[in-house]
Amino acid sequence: MASTGLDVGAVALPYPGETVCGDAAAVLTGPDGGLGLLLVDGLGHGLGAHDAAQAAVRAFQAAGRTGGIPQAPDAWLTAVHEAMRGTRGGVGAVATLEPGAVDSGTGTVSFAGVGNISAVVVGSAGRRGLMSHNGTLGQSSVRPQVQTAPWDDSSLLVMHSDGLQSGWNLERYPGLLHKPASLIAGVLYRDHVRGRDDVTVLVVRGAGSRF
């Protein structure tokens with residue numbers, strides 16, 4: 001997937017033996033040039049988890065069609081939470097890149113997550129984890145909190161569900177940071193998949209390190 005000035009790639013695969021994935025990812029570009037990203041993991045696996053995740057995706061896409069990219073990812077995640085009521089629920093996160101980060105390669109990535117969704121920004125300032133908070137989308141009362149991290153042309157954002165082990169380190173792969181986002185997502189899946197859950201890896205790569 002491509003966006004203005006950015007390279008976006010994802011891998012999403014179901015629990016072994018299932019025909020549908022209980023995870024989902026979606027990417028939207030707003031009219032102002034900002035970028036919004038959703039990663040959601042329906043509880044459990046199979047059709048019920050898939051239906052919960054797709055309800056979240058529909059709400060995310062509807063927000064993009066009607067109001068553009070919200071400035072605050074917590075507001076967007078709250079809308080996803082409400083849309084997942086009546087499903088088995090799940091966990092998820094929304095990240096947004098402001099227009100300046102997309103167009104000029106400098107700015108901020110903002111993040112809000114509920115449940116065990118991992119997100120890490122890797123860049124010139126080092127590695128920074130973005131914390132998800134406890135809760136279940138569509139079920140319990142949630143109050144997502146926003147965290148931010150600096151973004152430049154050399155930055156990389158990795159978001160993934162708990163189907164991927166969290167101990168990965170891109171420094172162990174010389175040159176991988178300069179490869180396409182889809183390849184980075186695929187390598188992380190290949191080497192760190194748990195093999196007992198749905199798994200989704202979403203990678204956004206700045207435009208500064210060309211491949």
# chains A, B, ... in the order shown; residues from 1 in each chain; ligands from 1

$ residues_around --residues "Leu37 of chain A" --least-positions-apart "3" --cutoff "8 Å" --atoms "only C-alpha atoms" --output "MDAnalysis selection string"
chainID A and resid 25:28 94:96

$ atom_distance --atom1 "atom CA of Gly115 of chain A" --atom2 "atom CA of Trp76 of chain A"
15.5 Å

$ closest_residue --among "A:Pro174, A:Gly9, A:Gly123, A:Gly48" --to "Val204 of chain A" --atoms "only C-alpha atoms"
A:Gly9

$ closest_residue --among "A:Ala119, A:Val80, A:Val199, A:Met131" --to "Asp162 of chain A" --atoms "only C-alpha atoms"
A:Val199

$ atom_distance --atom1 "atom CA of Asp152 of chain A" --atom2 "atom CA of Gly5 of chain A"
11.0 Å

$ closest_residue --among "A:Arg194, A:Arg205, A:Arg58, A:Arg88" --to "Ser161 of chain A" --atoms "only C-alpha atoms"
A:Arg194

$ closest_residue --among "A:Ser154, A:Thr19, A:Asn116, A:Asn134" --to "Leu39 of chain A" --atoms "only C-alpha atoms"
A:Asn116

$ select_by_dssp --residues "segment 61-168 of chain A" --states "helix (DSSP H, G or I)" --output "list in words"
Gln61, Ala62, Ala63, Gly64, Arg65, Thr66, Gly67, Pro73, Asp74, Ala75, Trp76, Leu77, Thr78, Ala79, Val80, His81, Glu82, Ala83, Pro99, Gly100, Ala101, Val102 and Asp103 of chain A

$ residues_around --residues "Ile184 of chain A" --least-positions-apart "2" --cutoff "10 Å" --atoms "only C-alpha atoms" --output "ChimeraX atom specification"
/A:9-11,158,170,173,176-182,186-190,201-205

$ write_last_selection --atoms "N, CA, C and O atoms" --output "PDB file, in the first residue's frame"
ATOM      1  N   GLY A   9       2.836  -1.255   4.426  1.00  0.00           N
ATOM      2  CA  GLY A   9       2.691  -2.666   4.105  1.00  0.00           C
ATOM      3  C   GLY A   9       2.115  -3.426   5.277  1.00  0.00           C
ATOM      4  O   GLY A   9       2.279  -3.017   6.440  1.00  0.00           O
ATOM      5  N   ALA A  10       1.441  -4.546   4.999  1.00  0.00           N
ATOM      6  CA  ALA A  10       0.823  -5.322   6.072  1.00  0.00           C
ATOM      7  C   ALA A  10       0.800  -6.800   5.716  1.00  0.00           C
ATOM      8  O   ALA A  10       0.765  -7.173   4.538  1.00  0.00           O
ATOM      9  N   VAL A  11       0.814  -7.614   6.756  1.00  0.00           N
ATOM     10  CA  VAL A  11       0.602  -9.057   6.660  1.00  0.00           C
ATOM     11  C   VAL A  11      -0.497  -9.404   7.645  1.00  0.00           C
ATOM     12  O   VAL A  11      -0.438  -8.997   8.813  1.00  0.00           O
ATOM     13  N   VAL A 158       5.788   0.324  13.503  1.00  0.00           N
ATOM     14  CA  VAL A 158       5.368  -1.079  13.453  1.00  0.00           C
ATOM     15  C   VAL A 158       4.248  -1.270  14.467  1.00  0.00           C
ATOM     16  O   VAL A 158       4.429  -0.995  15.661  1.00  0.00           O
ATOM     17  N   LEU A 170      14.784  -4.922  14.992  1.00  0.00           N
ATOM     18  CA  LEU A 170      15.168  -4.728  13.592  1.00  0.00           C
ATOM     19  C   LEU A 170      16.668  -4.530  13.424  1.00  0.00           C
ATOM     20  O   LEU A 170      17.191  -4.685  12.314  1.00  0.00           O
ATOM     21  N   TYR A 173      18.682  -7.231  11.722  1.00  0.00           N
ATOM     22  CA  TYR A 173      18.521  -7.446  10.280  1.00  0.00           C
ATOM     23  C   TYR A 173      19.201  -6.291   9.534  1.00  0.00           C
ATOM     24  O   TYR A 173      18.545  -5.307   9.184  1.00  0.00           O
ATOM     25  N   LEU A 176      17.533  -4.033   6.615  1.00  0.00           N
ATOM     26  CA  LEU A 176      16.092  -4.243   6.464  1.00  0.00           C
ATOM     27  C   LEU A 176      15.311  -2.938   6.562  1.00  0.00           C
ATOM     28  O   LEU A 176      14.267  -2.781   5.903  1.00  0.00           O
ATOM     29  N   LEU A 177      15.791  -1.998   7.363  1.00  0.00           N
ATOM     30  CA  LEU A 177      15.089  -0.724   7.505  1.00  0.00           C
ATOM     31  C   LEU A 177      14.967   0.020   6.183  1.00  0.00           C
ATOM     32  O   LEU A 177      14.105   0.887   6.028  1.00  0.00           O
ATOM     33  N   HIS A 178      15.818  -0.309   5.228  1.00  0.00           N
ATOM     34  CA  HIS A 178      15.792   0.368   3.935  1.00  0.00           C
ATOM     35  C   HIS A 178      14.979  -0.392   2.893  1.00  0.00           C
ATOM     36  O   HIS A 178      14.949   0.002   1.734  1.00  0.00           O
ATOM     37  N   LYS A 179      14.324  -1.457   3.298  1.00  0.00           N
ATOM     38  CA  LYS A 179      13.540  -2.272   2.382  1.00  0.00           C
ATOM     39  C   LYS A 179      12.072  -1.843   2.411  1.00  0.00           C
ATOM     40  O   LYS A 179      11.630  -1.117   3.302  1.00  0.00           O
ATOM     41  N   PRO A 180      11.272  -2.297   1.434  1.00  0.00           N
ATOM     42  CA  PRO A 180       9.845  -1.942   1.424  1.00  0.00           C
ATOM     43  C   PRO A 180       9.131  -2.376   2.705  1.00  0.00           C
ATOM     44  O   PRO A 180       9.479  -3.392   3.325  1.00  0.00           O
ATOM     45  N   ALA A 181       8.099  -1.614   3.067  1.00  0.00           N
ATOM     46  CA  ALA A 181       7.353  -1.904   4.291  1.00  0.00           C
ATOM     47  C   ALA A 181       6.751  -3.299   4.267  1.00  0.00           C
ATOM     48  O   ALA A 181       6.702  -3.985   5.288  1.00  0.00           O
ATOM     49  N   SER A 182       6.277  -3.750   3.107  1.00  0.00           N
ATOM     50  CA  SER A 182       5.678  -5.081   3.024  1.00  0.00           C
ATOM     51  C   SER A 182       6.699  -6.172   3.313  1.00  0.00           C
ATOM     52  O   SER A 182       6.375  -7.204   3.921  1.00  0.00           O
ATOM     53  N   GLY A 186       6.691  -8.830   6.399  1.00  0.00           N
ATOM     54  CA  GLY A 186       6.815 -10.251   6.116  1.00  0.00           C
ATOM     55  C   GLY A 186       7.935 -10.918   6.887  1.00  0.00           C
ATOM     56  O   GLY A 186       7.782 -12.054   7.372  1.00  0.00           O
ATOM     57  N   VAL A 187       9.061 -10.239   7.034  1.00  0.00           N
ATOM     58  CA  VAL A 187      10.186 -10.800   7.792  1.00  0.00           C
ATOM     59  C   VAL A 187       9.818 -10.920   9.272  1.00  0.00           C
ATOM     60  O   VAL A 187      10.115 -11.938   9.916  1.00  0.00           O
ATOM     61  N   LEU A 188       9.173  -9.896   9.816  1.00  0.00           N
ATOM     62  CA  LEU A 188       8.761  -9.979  11.219  1.00  0.00           C
ATOM     63  C   LEU A 188       7.785 -11.121  11.426  1.00  0.00           C
ATOM     64  O   LEU A 188       7.866 -11.858  12.420  1.00  0.00           O
ATOM     65  N   TYR A 189       6.855 -11.294  10.489  1.00  0.00           N
ATOM     66  CA  TYR A 189       5.931 -12.424  10.588  1.00  0.00           C
ATOM     67  C   TYR A 189       6.691 -13.748  10.523  1.00  0.00           C
ATOM     68  O   TYR A 189       6.480 -14.638  11.354  1.00  0.00           O
ATOM     69  N   ARG A 190       7.553 -13.884   9.559  1.00  0.00           N
ATOM     70  CA  ARG A 190       8.270 -15.146   9.354  1.00  0.00           C
ATOM     71  C   ARG A 190       9.047 -15.576  10.596  1.00  0.00           C
ATOM     72  O   ARG A 190       9.030 -16.758  10.977  1.00  0.00           O
ATOM     73  N   VAL A 201       0.543  -7.716  11.105  1.00  0.00           N
ATOM     74  CA  VAL A 201       1.681  -6.805  11.254  1.00  0.00           C
ATOM     75  C   VAL A 201       1.474  -5.673  10.263  1.00  0.00           C
ATOM     76  O   VAL A 201       1.300  -5.916   9.059  1.00  0.00           O
ATOM     77  N   LEU A 202       1.480  -4.435  10.748  1.00  0.00           N
ATOM     78  CA  LEU A 202       1.289  -3.246   9.919  1.00  0.00           C
ATOM     79  C   LEU A 202       2.526  -2.365  10.058  1.00  0.00           C
ATOM     80  O   LEU A 202       2.917  -2.026  11.178  1.00  0.00           O
ATOM     81  N   VAL A 203       3.128  -2.020   8.931  1.00  0.00           N
ATOM     82  CA  VAL A 203       4.367  -1.241   8.931  1.00  0.00           C
ATOM     83  C   VAL A 203       4.182   0.007   8.077  1.00  0.00           C
ATOM     84  O   VAL A 203       3.667  -0.065   6.950  1.00  0.00           O
ATOM     85  N   VAL A 204       4.603   1.154   8.610  1.00  0.00           N
ATOM     86  CA  VAL A 204       4.631   2.415   7.865  1.00  0.00           C
ATOM     87  C   VAL A 204       6.064   2.917   7.871  1.00  0.00           C
ATOM     88  O   VAL A 204       6.680   3.043   8.928  1.00  0.00           O
ATOM     89  N   ARG A 205       6.552   3.207   6.703  1.00  0.00           N
ATOM     90  CA  ARG A 205       7.959   3.579   6.544  1.00  0.00           C
ATOM     91  C   ARG A 205       8.072   4.966   5.934  1.00  0.00           C
ATOM     92  O   ARG A 205       7.388   5.276   4.958  1.00  0.00           O
TER      93      ARG A 205
END

$ atom_distance --atom1 "atom CA of Asp41 of chain A" --atom2 "atom CA of Gly90 of chain A"
5.5 Å

$ select_by_dssp --residues "segment 10-196 of chain A" --states "strand (DSSP E)" --output "ChimeraX atom specification"
/A:10-13,23-29,35-42,90-97,107-114,118-123,126-130,147-151,156-160

$ residues_around --residues "Val114 of chain A" --least-positions-apart "2" --cutoff "6 Å" --atoms "only C-alpha atoms" --output "list in words"
Val91, Gly92, Ser132, His133, Asn134 and Gly135 of chain A

$ write_last_selection --atoms "C-alpha atoms" --output "tab-separated table (two decimals), in the first residue's frame"
chain	number	residue	atom	x	y	z
A	91	VAL	CA	-8.67	-4.92	21.22
A	92	GLY	CA	-7.35	-2.30	18.85
A	132	SER	CA	-1.98	0.53	24.85
A	133	HIS	CA	-4.23	0.71	27.90
A	134	ASN	CA	-6.29	-2.02	29.52
A	135	GLY	CA	-9.81	-2.68	28.32
